[in-house]
file protein15.cif (mmCIF, C-alpha atoms and all ligand atoms)
data_final
loop_
_atom_site.label_atom_id
_atom_site.label_comp_id
_atom_site.auth_asym_id
_atom_site.auth_seq_id
_atom_site.Cartn_x
_atom_site.Cartn_y
_atom_site.Cartn_z
CA MET A 31 0.00 0.00 0.00
CA SER A 32 1.38 3.41 -0.89
CA LEU A 33 1.72 6.14 1.67
CA ARG A 34 -0.95 8.09 -0.18
CA THR A 35 -3.50 5.24 0.08
CA LEU A 36 -2.77 4.92 3.79
CA LYS A 37 -3.32 8.63 4.25
CA ILE A 38 -6.66 8.48 2.44
CA ILE A 39 -7.77 5.52 4.54
CA SER A 40 -6.80 7.22 7.79
CA ILE A 41 -8.65 10.38 6.76
CA LEU A 42 -11.73 8.30 5.95
CA ILE A 43 -11.60 6.58 9.34
CA THR A 44 -11.31 9.96 11.07
CA VAL A 45 -14.24 11.39 9.13
CA ILE A 46 -16.47 8.39 9.79
CA GLY A 47 -15.44 8.32 13.44
CA ALA A 48 -16.19 12.02 13.78
CA ALA A 49 -19.58 11.49 12.13
CA VAL A 50 -20.42 8.71 14.58
CA ILE A 51 -19.44 10.88 17.56
CA TRP A 52 -21.21 13.91 16.11
CA SER A 53 -24.41 11.88 15.65
CA ASN A 54 -24.16 10.58 19.24
CA GLY A 55 -23.74 7.08 17.84
CA THR A 56 -27.33 6.93 16.62
CA PHE A 57 -27.34 7.23 12.86
CA ARG A 58 -30.68 8.20 11.46
CA GLN A 59 -31.63 5.69 8.82
CA TYR A 60 -34.04 5.62 5.92
CA GLY A 61 -37.27 3.64 6.20
CA ASP A 62 -38.59 2.37 9.52
CA GLN A 63 -37.22 4.63 12.25
CA SER A 64 -39.15 3.23 15.19
CA GLY A 65 -36.87 2.91 18.19
CA TYR A 66 -34.83 5.98 17.15
CA GLN A 67 -33.66 7.45 20.46
CA PRO A 68 -30.98 10.12 20.02
CA LEU A 69 -29.07 11.67 22.92
CA GLN A 70 -30.43 15.13 23.74
CA PRO A 71 -28.42 18.22 24.79
CA ILE A 72 -30.09 18.17 28.22
CA ASN A 73 -30.94 15.00 30.09
CA PHE A 74 -34.69 15.69 30.02
CA SER A 75 -36.89 12.86 31.32
CA HIS A 76 -40.55 12.48 30.33
CA LYS A 77 -40.86 9.92 33.12
CA VAL A 78 -39.91 12.53 35.74
CA HIS A 79 -42.14 15.26 34.28
CA ALA A 80 -45.18 13.58 32.67
CA GLY A 81 -44.99 10.43 34.84
CA ASP A 82 -43.78 11.05 38.42
CA ASN A 83 -44.97 14.69 38.48
CA SER A 84 -48.08 14.22 36.27
CA ILE A 85 -47.50 17.37 34.19
CA ASN A 86 -49.95 17.35 31.25
CA CYS A 87 -48.56 16.81 27.76
CA THR A 88 -50.22 19.97 26.47
CA TYR A 89 -48.81 22.06 29.36
CA CYS A 90 -45.50 21.83 27.47
CA HIS A 91 -46.61 20.92 23.93
CA THR A 92 -48.99 23.85 23.90
CA SER A 93 -50.07 23.84 20.26
CA ALA A 94 -50.92 20.13 19.88
CA ASP A 95 -54.66 20.86 19.96
CA THR A 96 -54.59 24.11 17.98
CA SER A 97 -52.08 23.66 15.17
CA ARG A 98 -50.27 21.33 12.81
CA VAL A 99 -47.26 21.02 15.11
CA ALA A 100 -47.29 20.11 18.79
CA GLY A 101 -44.45 22.51 19.64
CA ILE A 102 -41.45 22.17 21.95
CA PRO A 103 -41.25 24.31 25.12
CA THR A 104 -38.68 27.11 25.28
CA ALA A 105 -35.96 27.57 27.89
CA GLU A 106 -38.18 30.26 29.50
CA ASN A 107 -40.96 27.68 29.87
CA CYS A 108 -38.56 25.34 31.67
CA MET A 109 -37.30 28.05 34.00
CA ALA A 110 -40.85 28.92 35.05
CA CYS A 111 -40.44 25.91 37.33
CA HIS A 112 -36.68 25.52 37.50
CA ASP A 113 -36.03 28.99 38.91
CA GLN A 114 -37.29 27.20 42.05
CA VAL A 115 -36.89 23.49 41.31
CA LYS A 116 -33.25 22.31 41.49
CA PRO A 117 -31.75 25.51 40.03
CA ASP A 118 -28.25 24.36 41.04
CA SER A 119 -28.38 21.03 39.20
CA PRO A 120 -25.75 20.93 36.42
CA GLU A 121 -28.44 19.95 33.87
CA ILE A 122 -30.64 22.88 34.90
CA GLN A 123 -27.63 25.21 34.72
CA LYS A 124 -27.37 24.30 31.03
CA ILE A 125 -30.86 25.80 30.59
CA SER A 126 -30.11 28.99 32.51
CA MET A 127 -26.80 29.36 30.62
CA ALA A 128 -28.62 29.01 27.29
CA LEU A 129 -31.02 31.75 28.39
CA LYS A 130 -28.19 33.99 29.59
CA ARG A 131 -26.38 33.57 26.26
CA ASN A 132 -29.65 33.94 24.36
CA GLU A 133 -29.06 30.63 22.59
CA PRO A 134 -31.80 28.13 21.78
CA ILE A 135 -31.56 24.60 23.20
CA ARG A 136 -30.82 22.39 20.21
CA TRP A 137 -33.12 19.42 20.84
CA VAL A 138 -32.64 16.62 18.33
CA LYS A 139 -35.85 15.96 16.39
CA VAL A 140 -37.07 12.41 16.94
CA ASN A 141 -40.28 11.92 14.92
CA ASP A 142 -39.77 13.33 11.44
CA LEU A 143 -41.91 12.54 8.41
CA PRO A 144 -40.50 13.14 4.92
CA ASP A 145 -41.43 16.55 3.50
CA HIS A 146 -43.88 15.12 0.98
CA ALA A 147 -46.16 13.78 3.75
CA ILE A 148 -48.53 16.07 5.65
CA PHE A 149 -49.47 15.55 9.26
CA ASN A 150 -51.72 17.64 11.46
CA HIS A 151 -51.76 17.35 15.26
CA SER A 152 -54.88 19.36 16.07
CA ARG A 153 -57.07 17.29 13.75
CA HIS A 154 -56.08 14.10 15.55
CA VAL A 155 -56.03 15.48 19.08
CA ASN A 156 -59.45 17.13 18.70
CA ALA A 157 -60.82 13.91 17.26
CA GLY A 158 -59.88 12.30 20.56
CA VAL A 159 -56.89 10.28 19.34
CA ASN A 160 -54.60 9.95 22.34
CA CYS A 161 -50.93 11.03 22.19
CA ASN A 162 -49.96 7.54 23.33
CA THR A 163 -51.70 5.87 20.36
CA CYS A 164 -48.96 7.28 18.15
CA HIS A 165 -46.13 8.06 20.59
CA GLY A 166 -46.38 5.14 23.00
CA PRO A 167 -46.09 5.30 26.82
CA VAL A 168 -44.15 8.58 26.82
CA GLU A 169 -44.72 9.12 30.56
CA THR A 170 -42.51 6.07 31.24
CA MET A 171 -39.62 7.16 29.01
CA GLU A 172 -36.39 8.45 30.58
CA ARG A 173 -35.24 9.38 27.09
CA ILE A 174 -37.81 9.72 24.37
CA SER A 175 -37.80 7.44 21.33
CA GLN A 176 -39.90 7.06 18.21
CA GLU A 177 -42.57 4.48 18.97
CA SER A 178 -44.50 4.07 15.71
CA THR A 179 -43.01 3.27 12.32
CA PHE A 180 -45.07 6.15 10.85
CA SER A 181 -45.04 4.24 7.61
CA MET A 182 -47.76 5.13 5.14
CA GLY A 183 -49.48 1.87 6.08
CA SER A 184 -49.62 2.83 9.77
CA CYS A 185 -51.47 6.04 8.88
CA VAL A 186 -53.74 4.57 6.22
CA ASN A 187 -54.75 1.57 8.36
CA CYS A 188 -56.28 3.80 11.00
CA HIS A 189 -57.84 6.10 8.43
CA ARG A 190 -59.33 3.08 6.69
CA THR A 191 -60.87 1.53 9.78
CA HIS A 192 -61.56 4.82 11.64
CA LYS A 193 -60.16 2.85 14.53
CA ASP A 194 -59.95 4.54 17.95
CA ALA A 195 -61.70 7.76 17.02
CA VAL A 196 -65.38 8.46 17.62
CA LEU A 197 -67.94 11.28 17.74
CA ASP A 198 -70.97 11.51 20.00
CA GLN A 199 -74.53 11.83 18.64
CA ASP A 200 -74.10 15.62 18.27
CA GLY A 201 -70.93 15.20 16.22
CA ASN A 202 -68.63 16.40 18.97
CA PRO A 203 -65.30 14.65 19.44
CA ILE A 204 -65.10 12.47 22.52
CA LYS A 205 -62.55 10.11 24.03
CA ILE A 206 -61.39 7.14 22.00
CA LEU A 207 -62.60 3.56 22.25
CA ASP A 208 -66.11 4.45 23.41
CA SER A 209 -68.46 1.97 21.77
CA ASN A 210 -71.87 2.56 20.09
CA LYS A 211 -70.90 6.02 18.87
CA LYS A 212 -70.60 7.38 15.35
CA THR A 213 -67.14 7.21 13.73
CA LEU A 214 -65.27 10.17 12.27
CA LYS A 215 -64.77 10.72 8.55
CA THR A 216 -61.16 9.86 7.93
CA SER A 217 -59.90 9.81 4.38
CA THR A 218 -57.49 7.66 2.38
CA ASP A 219 -57.32 10.08 -0.58
CA CYS A 220 -53.70 10.59 -1.58
CA ALA A 221 -54.13 14.37 -1.56
CA VAL A 222 -55.10 14.41 2.13
CA CYS A 223 -51.57 13.41 3.10
CA HIS A 224 -49.55 14.44 0.02
CA HIS A 225 -49.51 17.81 -1.72
C1 LIG B 301 -42.18 19.61 31.15
C2 LIG B 301 -42.41 19.68 29.73
C3 LIG B 301 -42.89 18.47 28.96
C4 LIG B 301 -43.97 17.64 29.25
C5 LIG B 301 -44.90 17.69 30.43
C6 LIG B 301 -44.06 16.71 28.15
N1 LIG B 301 -43.06 16.95 27.24
FE1 LIG B 301 -42.76 15.97 25.50
N2 LIG B 301 -41.02 17.02 25.19
C7 LIG B 301 -40.55 18.03 26.00
C8 LIG B 301 -39.25 18.44 25.52
C9 LIG B 301 -38.36 19.52 26.13
C10 LIG B 301 -38.97 17.67 24.39
C11 LIG B 301 -37.70 17.72 23.53
C12 LIG B 301 -36.61 16.96 24.23
C13 LIG B 301 -36.74 15.49 24.11
O1 LIG B 301 -36.93 15.02 22.99
O2 LIG B 301 -36.67 14.80 25.16
C14 LIG B 301 -40.10 16.78 24.20
C15 LIG B 301 -40.21 15.85 23.17
C16 LIG B 301 -41.36 15.09 22.94
C17 LIG B 301 -41.55 14.24 21.79
C18 LIG B 301 -40.55 14.02 20.68
C19 LIG B 301 -40.45 15.22 19.79
C20 LIG B 301 -39.74 14.93 18.51
O3 LIG B 301 -38.67 15.51 18.28
O4 LIG B 301 -40.24 14.11 17.73
C21 LIG B 301 -42.79 13.67 21.90
C22 LIG B 301 -43.44 12.71 20.93
C23 LIG B 301 -43.35 14.15 23.14
N3 LIG B 301 -42.47 15.01 23.74
C24 LIG B 301 -44.59 13.76 23.63
C25 LIG B 301 -45.05 14.06 24.89
C26 LIG B 301 -46.23 13.46 25.49
C27 LIG B 301 -47.13 12.46 24.81
C28 LIG B 301 -46.35 13.99 26.75
C29 LIG B 301 -47.36 13.64 27.81
C30 LIG B 301 -47.43 12.22 28.18
C31 LIG B 301 -45.25 14.94 26.91
N4 LIG B 301 -44.49 14.93 25.78
C32 LIG B 301 -45.04 15.72 28.04
C33 LIG B 301 -41.20 18.57 27.10
C34 LIG B 301 -42.32 18.02 27.70
C1 LIG B 302 -44.26 22.42 35.82
C2 LIG B 302 -42.92 22.40 36.37
C3 LIG B 302 -41.76 21.98 35.49
C4 LIG B 302 -41.45 22.41 34.22
C5 LIG B 302 -42.23 23.39 33.34
C6 LIG B 302 -40.20 21.78 33.86
N1 LIG B 302 -39.77 20.99 34.88
FE1 LIG B 302 -38.04 19.92 34.92
N2 LIG B 302 -38.52 19.15 36.72
C7 LIG B 302 -39.66 19.46 37.44
C8 LIG B 302 -39.70 18.66 38.66
C9 LIG B 302 -40.78 18.69 39.72
C10 LIG B 302 -38.52 17.86 38.64
C11 LIG B 302 -38.06 16.82 39.67
C12 LIG B 302 -37.20 17.53 40.69
C13 LIG B 302 -36.70 16.59 41.75
O1 LIG B 302 -36.18 15.52 41.39
O2 LIG B 302 -36.79 16.95 42.91
C14 LIG B 302 -37.79 18.21 37.42
C15 LIG B 302 -36.57 17.68 37.08
C16 LIG B 302 -35.83 18.07 35.97
C17 LIG B 302 -34.48 17.64 35.66
C18 LIG B 302 -33.60 16.75 36.53
C19 LIG B 302 -32.74 17.65 37.41
C20 LIG B 302 -31.84 16.87 38.33
O3 LIG B 302 -30.67 17.22 38.43
O4 LIG B 302 -32.32 15.89 38.94
C21 LIG B 302 -34.13 18.20 34.46
C22 LIG B 302 -32.81 18.06 33.72
C23 LIG B 302 -35.26 18.98 34.01
N3 LIG B 302 -36.26 18.89 34.95
C24 LIG B 302 -35.30 19.67 32.82
C25 LIG B 302 -36.39 20.43 32.39
C26 LIG B 302 -36.47 21.06 31.09
C27 LIG B 302 -35.40 21.02 30.03
C28 LIG B 302 -37.66 21.70 31.05
C29 LIG B 302 -38.24 22.50 29.91
C30 LIG B 302 -38.38 21.80 28.66
C31 LIG B 302 -38.33 21.45 32.31
N4 LIG B 302 -37.54 20.66 33.09
C32 LIG B 302 -39.57 21.97 32.65
C33 LIG B 302 -40.61 20.40 37.10
C34 LIG B 302 -40.68 21.08 35.90
C1 LIG B 303 -52.09 10.21 14.88
C2 LIG B 303 -50.76 10.18 15.40
C3 LIG B 303 -50.29 11.24 16.40
C4 LIG B 303 -50.94 11.69 17.51
C5 LIG B 303 -52.31 11.31 18.04
C6 LIG B 303 -50.03 12.63 18.14
N1 LIG B 303 -48.89 12.75 17.41
FE1 LIG B 303 -47.27 13.88 17.86
N2 LIG B 303 -46.39 13.41 16.06
C7 LIG B 303 -46.95 12.53 15.14
C8 LIG B 303 -46.14 12.56 13.93
C9 LIG B 303 -46.41 11.77 12.66
C10 LIG B 303 -45.09 13.48 14.16
C11 LIG B 303 -44.00 13.91 13.17
C12 LIG B 303 -44.57 15.05 12.36
C13 LIG B 303 -43.69 15.54 11.23
O1 LIG B 303 -42.51 15.23 11.16
O2 LIG B 303 -44.23 16.30 10.39
C14 LIG B 303 -45.27 13.97 15.52
C15 LIG B 303 -44.43 14.89 16.14
C16 LIG B 303 -44.59 15.32 17.46
C17 LIG B 303 -43.69 16.23 18.16
C18 LIG B 303 -42.44 16.86 17.56
C19 LIG B 303 -42.69 18.34 17.28
C20 LIG B 303 -43.78 18.59 16.29
O3 LIG B 303 -44.71 19.31 16.63
O4 LIG B 303 -43.71 18.04 15.17
C21 LIG B 303 -44.18 16.40 19.41
C22 LIG B 303 -43.60 17.26 20.51
C23 LIG B 303 -45.40 15.62 19.52
N3 LIG B 303 -45.62 14.97 18.30
C24 LIG B 303 -46.21 15.56 20.65
C25 LIG B 303 -47.50 15.04 20.66
C26 LIG B 303 -48.44 15.20 21.77
C27 LIG B 303 -48.13 15.91 23.08
C28 LIG B 303 -49.61 14.59 21.40
C29 LIG B 303 -50.94 14.53 22.14
C30 LIG B 303 -51.46 15.80 22.65
C31 LIG B 303 -49.39 14.03 20.06
N4 LIG B 303 -48.11 14.34 19.65
C32 LIG B 303 -50.32 13.30 19.33
C33 LIG B 303 -48.06 11.75 15.32
C34 LIG B 303 -48.99 11.91 16.32
C1 LIG B 304 -55.22 6.09 15.39
C2 LIG B 304 -55.81 6.58 14.18
C3 LIG B 304 -55.02 7.48 13.25
C4 LIG B 304 -53.70 7.37 12.86
C5 LIG B 304 -52.67 6.36 13.30
C6 LIG B 304 -53.47 8.46 11.93
N1 LIG B 304 -54.62 9.18 11.75
FE1 LIG B 304 -54.81 10.85 10.57
N2 LIG B 304 -56.70 11.11 11.22
C7 LIG B 304 -57.34 10.31 12.14
C8 LIG B 304 -58.58 10.94 12.54
C9 LIG B 304 -59.59 10.37 13.52
C10 LIG B 304 -58.65 12.16 11.84
C11 LIG B 304 -59.68 13.28 11.99
C12 LIG B 304 -60.83 13.21 11.07
C13 LIG B 304 -61.77 14.35 11.35
O1 LIG B 304 -61.35 15.38 11.89
O2 LIG B 304 -62.92 14.17 11.03
C14 LIG B 304 -57.47 12.24 11.00
C15 LIG B 304 -57.19 13.29 10.12
C16 LIG B 304 -56.01 13.43 9.39
C17 LIG B 304 -55.71 14.50 8.48
C18 LIG B 304 -56.65 15.66 8.12
C19 LIG B 304 -57.54 15.17 7.02
C20 LIG B 304 -58.26 16.25 6.28
O3 LIG B 304 -59.33 15.92 5.75
O4 LIG B 304 -57.77 17.36 6.19
C21 LIG B 304 -54.45 14.26 7.95
C22 LIG B 304 -53.69 15.10 6.95
C23 LIG B 304 -53.97 13.04 8.55
N3 LIG B 304 -54.95 12.56 9.42
C24 LIG B 304 -52.73 12.47 8.30
C25 LIG B 304 -52.21 11.37 8.99
C26 LIG B 304 -50.87 10.87 8.81
C27 LIG B 304 -49.84 11.40 7.84
C28 LIG B 304 -50.74 9.82 9.67
C29 LIG B 304 -49.54 8.94 9.91
C30 LIG B 304 -48.29 9.61 10.25
C31 LIG B 304 -52.01 9.66 10.37
N4 LIG B 304 -52.88 10.62 9.93
C32 LIG B 304 -52.24 8.68 11.30
C33 LIG B 304 -56.89 9.11 12.64
C34 LIG B 304 -55.59 8.64 12.54
C1 LIG B 305 -53.14 8.94 5.84
C2 LIG B 305 -52.02 9.52 5.18
C3 LIG B 305 -51.59 9.01 3.81
C4 LIG B 305 -52.39 8.74 2.72
C5 LIG B 305 -53.90 8.81 2.64
C6 LIG B 305 -51.50 8.41 1.63
N1 LIG B 305 -50.19 8.47 2.05
FE1 LIG B 305 -48.53 8.11 0.92
N2 LIG B 305 -47.33 8.35 2.57
C7 LIG B 305 -47.78 8.74 3.81
C8 LIG B 305 -46.65 8.84 4.71
C9 LIG B 305 -46.68 9.26 6.16
C10 LIG B 305 -45.50 8.50 3.93
C11 LIG B 305 -44.04 8.44 4.41
C12 LIG B 305 -43.75 7.06 4.93
C13 LIG B 305 -42.34 6.82 5.37
O1 LIG B 305 -41.58 7.76 5.61
O2 LIG B 305 -41.98 5.63 5.48
C14 LIG B 305 -45.97 8.19 2.60
C15 LIG B 305 -45.14 7.80 1.53
C16 LIG B 305 -45.57 7.71 0.22
C17 LIG B 305 -44.69 7.50 -0.91
C18 LIG B 305 -43.21 7.36 -0.84
C19 LIG B 305 -42.91 5.92 -0.60
C20 LIG B 305 -41.61 5.72 0.03
O3 LIG B 305 -41.16 4.59 0.01
O4 LIG B 305 -41.06 6.67 0.61
C21 LIG B 305 -45.48 7.47 -2.03
C22 LIG B 305 -45.01 7.28 -3.47
C23 LIG B 305 -46.86 7.65 -1.60
N3 LIG B 305 -46.88 7.80 -0.23
C24 LIG B 305 -47.94 7.66 -2.43
C25 LIG B 305 -49.28 7.69 -2.02
C26 LIG B 305 -50.44 7.51 -2.90
C27 LIG B 305 -50.36 7.27 -4.40
C28 LIG B 305 -51.55 7.60 -2.12
C29 LIG B 305 -53.03 7.43 -2.51
C30 LIG B 305 -53.36 6.11 -3.04
C31 LIG B 305 -51.09 7.86 -0.74
N4 LIG B 305 -49.72 7.91 -0.74
C32 LIG B 305 -51.93 8.07 0.35
C33 LIG B 305 -49.09 9.01 4.17
C34 LIG B 305 -50.20 8.84 3.37
#

call {"tool": "encode", "arguments": {"input": "protein15.cif", "output": "structure tokens"}}
result
Amino acid sequence: MSLRTLKIISILITVIGAAVIWSNGTFRQYGDQSGYQPLQPINFSHKVHAGDNSINCTYCHTSADTSRVAGIPTAENCMACHDQVKPDSPEIQKISMALKRNEPIRWVKVNDLPDHAIFNHSRHVNAGVNCNTCHGPVETMERISQESTFSMGSCVNCHRTHKDAVLDQDGNPIKILDSNKKTLKTSTDCAVCHH
């Protein structure tokens, strides 16, 4: 092997190694991404917040019932509690430092559909589809992971069967899995999910 080939190989190894470290060892792959559980910049636990302390999902994900996206809380939202709760913890100091420096916290996105597919939180949440139906038992997760495959089939199957979602006699959305009630009008038209 020539010196030049060796150099190229060692550069490649460095680059790949750096990419693995940079991605926290969890490469995002194409296709089924269920189980994807990247490291986050702050050791935030849904179990501690939504489980042990019973904080509502929509207390933090404030737009889940009003808009397309559920939304991620800001550092200010966190400090509304953490000014008092464990302000000296090293993990909490990362939040106050970010605020002081006026930098956003760079959470790694976990659930991410391709751009050609359209999803809308408020339509599902107002229809009474529970967060856990799609995101799993989040209140037990120390570190959040993608629960569903979010393949086209996983969406279309529910739309086809109208499973889980029901309306009362007046057409108002109510909780899921209530029997002898009218089902919602879900669609399997391509244009509903693709523009
Ligand atoms: C105290 C605030 C807080 C509460 C309460 C909370 N979350 Fe979160 N959630 C966050 C933060 C911050 C993130 C981003 C960091 C992370 O991924 O862990 C997040 C991330 C998520 C994600 C992944 C987002 C992505 O990138 O795909 C899902 C799904 C989620 N939360 C669902 C829920 C559900 C369901 C509940 C209720 C059972 C809930 N959350 C309660 C703050 C909260
Ligand atoms: C409604 C109040 C509330 C909000 C809002 C809140 N937390 Fe918490 N957080 C708590 C409580 C309560 C604990 C548990 C404290 C304990 O163990 O005594 C906690 C614990 C933590 C811990 C563990 C600290 C340690 O050292 O044990 C971290 C990290 C944390 N929260 C991050 C966040 C982040 C990031 C946000 C914003 C996305 C946030 N919290 C928003 C109430 C809140
Ligand atoms: C019918 C399935 C479904 C339900 C129900 C659902 N989600 Fe999601 N959620 C998704 C999908 C799909 C994505 C990824 C969206 C994308 O990439 O465009 C997502 C993404 C998220 C994210 C990442 C940020 C964002 O807004 O895209 C958060 C946070 C989240 N969901 C929280 C919640 C909470 C909280 C609830 C309940 C109040 C909920 N979700 C109900 C399917 C669902
Ligand atoms: C557990 C059942 C369920 C799953 C899973 C589900 N949906 Fe839905 N979807 C519904 C219900 C119920 C409605 C609301 C119908 C209504 O408001 O009448 C809906 C509505 C929608 C709408 C709005 C339709 C319109 O007419 O504008 C879109 C877009 C959509 N879903 C996309 C998706 C995508 C993309 C996925 C997969 C990532 C998905 N859904 C997974 C049950 C589901
Ligand atoms: C209920 C929502 C929904 C409906 C209805 C729907 N799709 Fe999709 N489709 C999706 C989602 C979500 C993805 C992305 C899946 C993934 O990332 O694995 C997708 C992916 C695709 C892809 C890309 C395939 C791939 O391997 O990435 C094609 C092509 C496609 N859809 C065509 C269609 C056609 C044609 C129709 C009508 C017959 C249709 N879709 C109806 C949600 C839907």

call {"tool": "closest_residue", "arguments": {"input": "protein15.cif", "among": "A:Pro117, A:Cys188, A:Cys111, A:Ile102", "to": "A:Cys87", "atoms": "all atoms listed in the file"}}
result
A:Ile102

call {"tool": "residues_near_ligand", "arguments": {"input": "protein15.cif", "ligand": "ligand LIG 301 (chain B)", "cutoff": "8 Å", "atoms": "only C-alpha atoms and all ligand atoms", "output": "VMD selection string"}}
result
chain A and resid 70 72 to 76 79 to 81 84 to 91 102 to 104 108 137 to 142 161 to 162 165 to 169 173 to 176

call {"tool": "atom_distance", "arguments": {"input": "protein15.cif", "atom1": "atom C7 of ligand LIG 305 (chain B)", "atom2": "atom CA of A:Glu172"}}
result
29.1 Å

call {"tool": "closest_residue", "arguments": {"input": "protein15.cif", "among": "A:Ile122, A:Cys220, A:Ala157, A:Met171", "to": "ligand LIG 305 (chain B)", "atoms": "all atoms listed in the file"}}
result
A:Cys220

call {"tool": "closest_atom_pairs", "arguments": {"input": "protein15.cif", "of": "chain A", "to": "ligand LIG 305 (chain B)", "cutoff": "9 Å", "atoms": "only C-alpha atoms and all ligand atoms", "output": "JSON lines"}}
result
{"residue": "A:Tyr60", "atom": "CA", "partner": "B:LIG305", "partner_atom": "O1", "distance": 7.8}
{"residue": "A:Gly61", "atom": "CA", "partner": "B:LIG305", "partner_atom": "O2", "distance": 5.2}
{"residue": "A:Asp62", "atom": "CA", "partner": "B:LIG305", "partner_atom": "O2", "distance": 6.2}
{"residue": "A:Gln63", "atom": "CA", "partner": "B:LIG305", "partner_atom": "O2", "distance": 8.3}
{"residue": "A:Asp142", "atom": "CA", "partner": "B:LIG305", "partner_atom": "O1", "distance": 8.3}
{"residue": "A:Leu143", "atom": "CA", "partner": "B:LIG305", "partner_atom": "O1", "distance": 5.5}
{"residue": "A:Pro144", "atom": "CA", "partner": "B:LIG305", "partner_atom": "O1", "distance": 5.5}
{"residue": "A:Asp145", "atom": "CA", "partner": "B:LIG305", "partner_atom": "C11", "distance": 8.6}
{"residue": "A:His146", "atom": "CA", "partner": "B:LIG305", "partner_atom": "C14", "distance": 7.4}
{"residue": "A:Ala147", "atom": "CA", "partner": "B:LIG305", "partner_atom": "C8", "distance": 5.1}
{"residue": "A:Ile148", "atom": "CA", "partner": "B:LIG305", "partner_atom": "C9", "distance": 7.1}
{"residue": "A:Phe149", "atom": "CA", "partner": "B:LIG305", "partner_atom": "C9", "distance": 7.5}
{"residue": "A:Thr179", "atom": "CA", "partner": "B:LIG305", "partner_atom": "O2", "distance": 7.3}
{"residue": "A:Phe180", "atom": "CA", "partner": "B:LIG305", "partner_atom": "C9", "distance": 5.9}
{"residue": "A:Ser181", "atom": "CA", "partner": "B:LIG305", "partner_atom": "O2", "distance": 4.0}
{"residue": "A:Met182", "atom": "CA", "partner": "B:LIG305", "partner_atom": "C7", "distance": 3.8}
{"residue": "A:Gly183", "atom": "CA", "partner": "B:LIG305", "partner_atom": "C33", "distance": 7.4}
{"residue": "A:Ser184", "atom": "CA", "partner": "B:LIG305", "partner_atom": "C9", "distance": 7.9}
{"residue": "A:Cys185", "atom": "CA", "partner": "B:LIG305", "partner_atom": "C1", "distance": 4.5}
{"residue": "A:Val186", "atom": "CA", "partner": "B:LIG305", "partner_atom": "C1", "distance": 4.4}
{"residue": "A:Asn187", "atom": "CA", "partner": "B:LIG305", "partner_atom": "C1", "distance": 8.0}
{"residue": "A:Cys188", "atom": "CA", "partner": "B:LIG305", "partner_atom": "C1", "distance": 7.9}
{"residue": "A:His189", "atom": "CA", "partner": "B:LIG305", "partner_atom": "C1", "distance": 6.1}
{"residue": "A:Arg190", "atom": "CA", "partner": "B:LIG305", "partner_atom": "C1", "distance": 8.6}
{"residue": "A:Thr216", "atom": "CA", "partner": "B:LIG305", "partner_atom": "C1", "distance": 8.3}
{"residue": "A:Ser217", "atom": "CA", "partner": "B:LIG305", "partner_atom": "C5", "distance": 6.3}
{"residue": "A:Thr218", "atom": "CA", "partner": "B:LIG305", "partner_atom": "C5", "distance": 3.8}
{"residue": "A:Asp219", "atom": "CA", "partner": "B:LIG305", "partner_atom": "C5", "distance": 4.9}
{"residue": "A:Cys220", "atom": "CA", "partner": "B:LIG305", "partner_atom": "C29", "distance": 3.4}
{"residue": "A:Ala221", "atom": "CA", "partner": "B:LIG305", "partner_atom": "C32", "distance": 6.9}
{"residue": "A:Val222", "atom": "CA", "partner": "B:LIG305", "partner_atom": "C5", "distance": 5.7}
{"residue": "A:Cys223", "atom": "CA", "partner": "B:LIG305", "partner_atom": "C2", "distance": 4.4}
{"residue": "A:His224", "atom": "CA", "partner": "B:LIG305", "partner_atom": "N1", "distance": 6.3}

call {"tool": "atom_distance", "arguments": {"input": "protein15.cif", "atom1": "atom C24 of ligand LIG 304 (chain B)", "atom2": "atom CA of A:Thr163"}}
result
13.8 Å

call {"tool": "atom_distance", "arguments": {"input": "protein15.cif", "atom1": "atom C25 of ligand LIG 304 (chain B)", "atom2": "atom CA of A:Lys77"}}
result
26.7 Å

call {"tool": "axis_aligned_box", "arguments": {"input": "protein15.cif", "around": "ligand LIG 303 (chain B)", "padding_each_side": "6 Å", "output": "JSON"}}
result
{"center_x": -47.4, "center_y": 14.7, "center_z": 16.7, "size_x": 21.9, "size_y": 21.1, "size_z": 24.7}

call {"tool": "closest_residue", "arguments": {"input": "protein15.cif", "among": "A:Met127, A:Val99, A:Val115, A:Ile135", "to": "ligand LIG 303 (chain B)", "atoms": "all atoms listed in the file"}}
result
A:Val99

call {"tool": "closest_residue", "arguments": {"input": "protein15.cif", "among": "A:Thr170, A:Ser126, A:Ser152, A:Gln114", "to": "ligand LIG 304 (chain B)", "atoms": "only C-alpha atoms and all ligand atoms"}}
result
A:Ser152

call {"tool": "closest_residue", "arguments": {"input": "protein15.cif", "among": "A:Ser97, A:Thr92, A:Ser119, A:Ser64", "to": "ligand LIG 302 (chain B)", "atoms": "only C-alpha atoms and all ligand atoms"}}
result
A:Ser119

call {"tool": "closest_residue", "arguments": {"input": "protein15.cif", "among": "A:Lys124, A:Arg131, A:Arg98, A:His154", "to": "ligand LIG 302 (chain B)", "atoms": "all atoms listed in the file"}}
result
A:Lys124
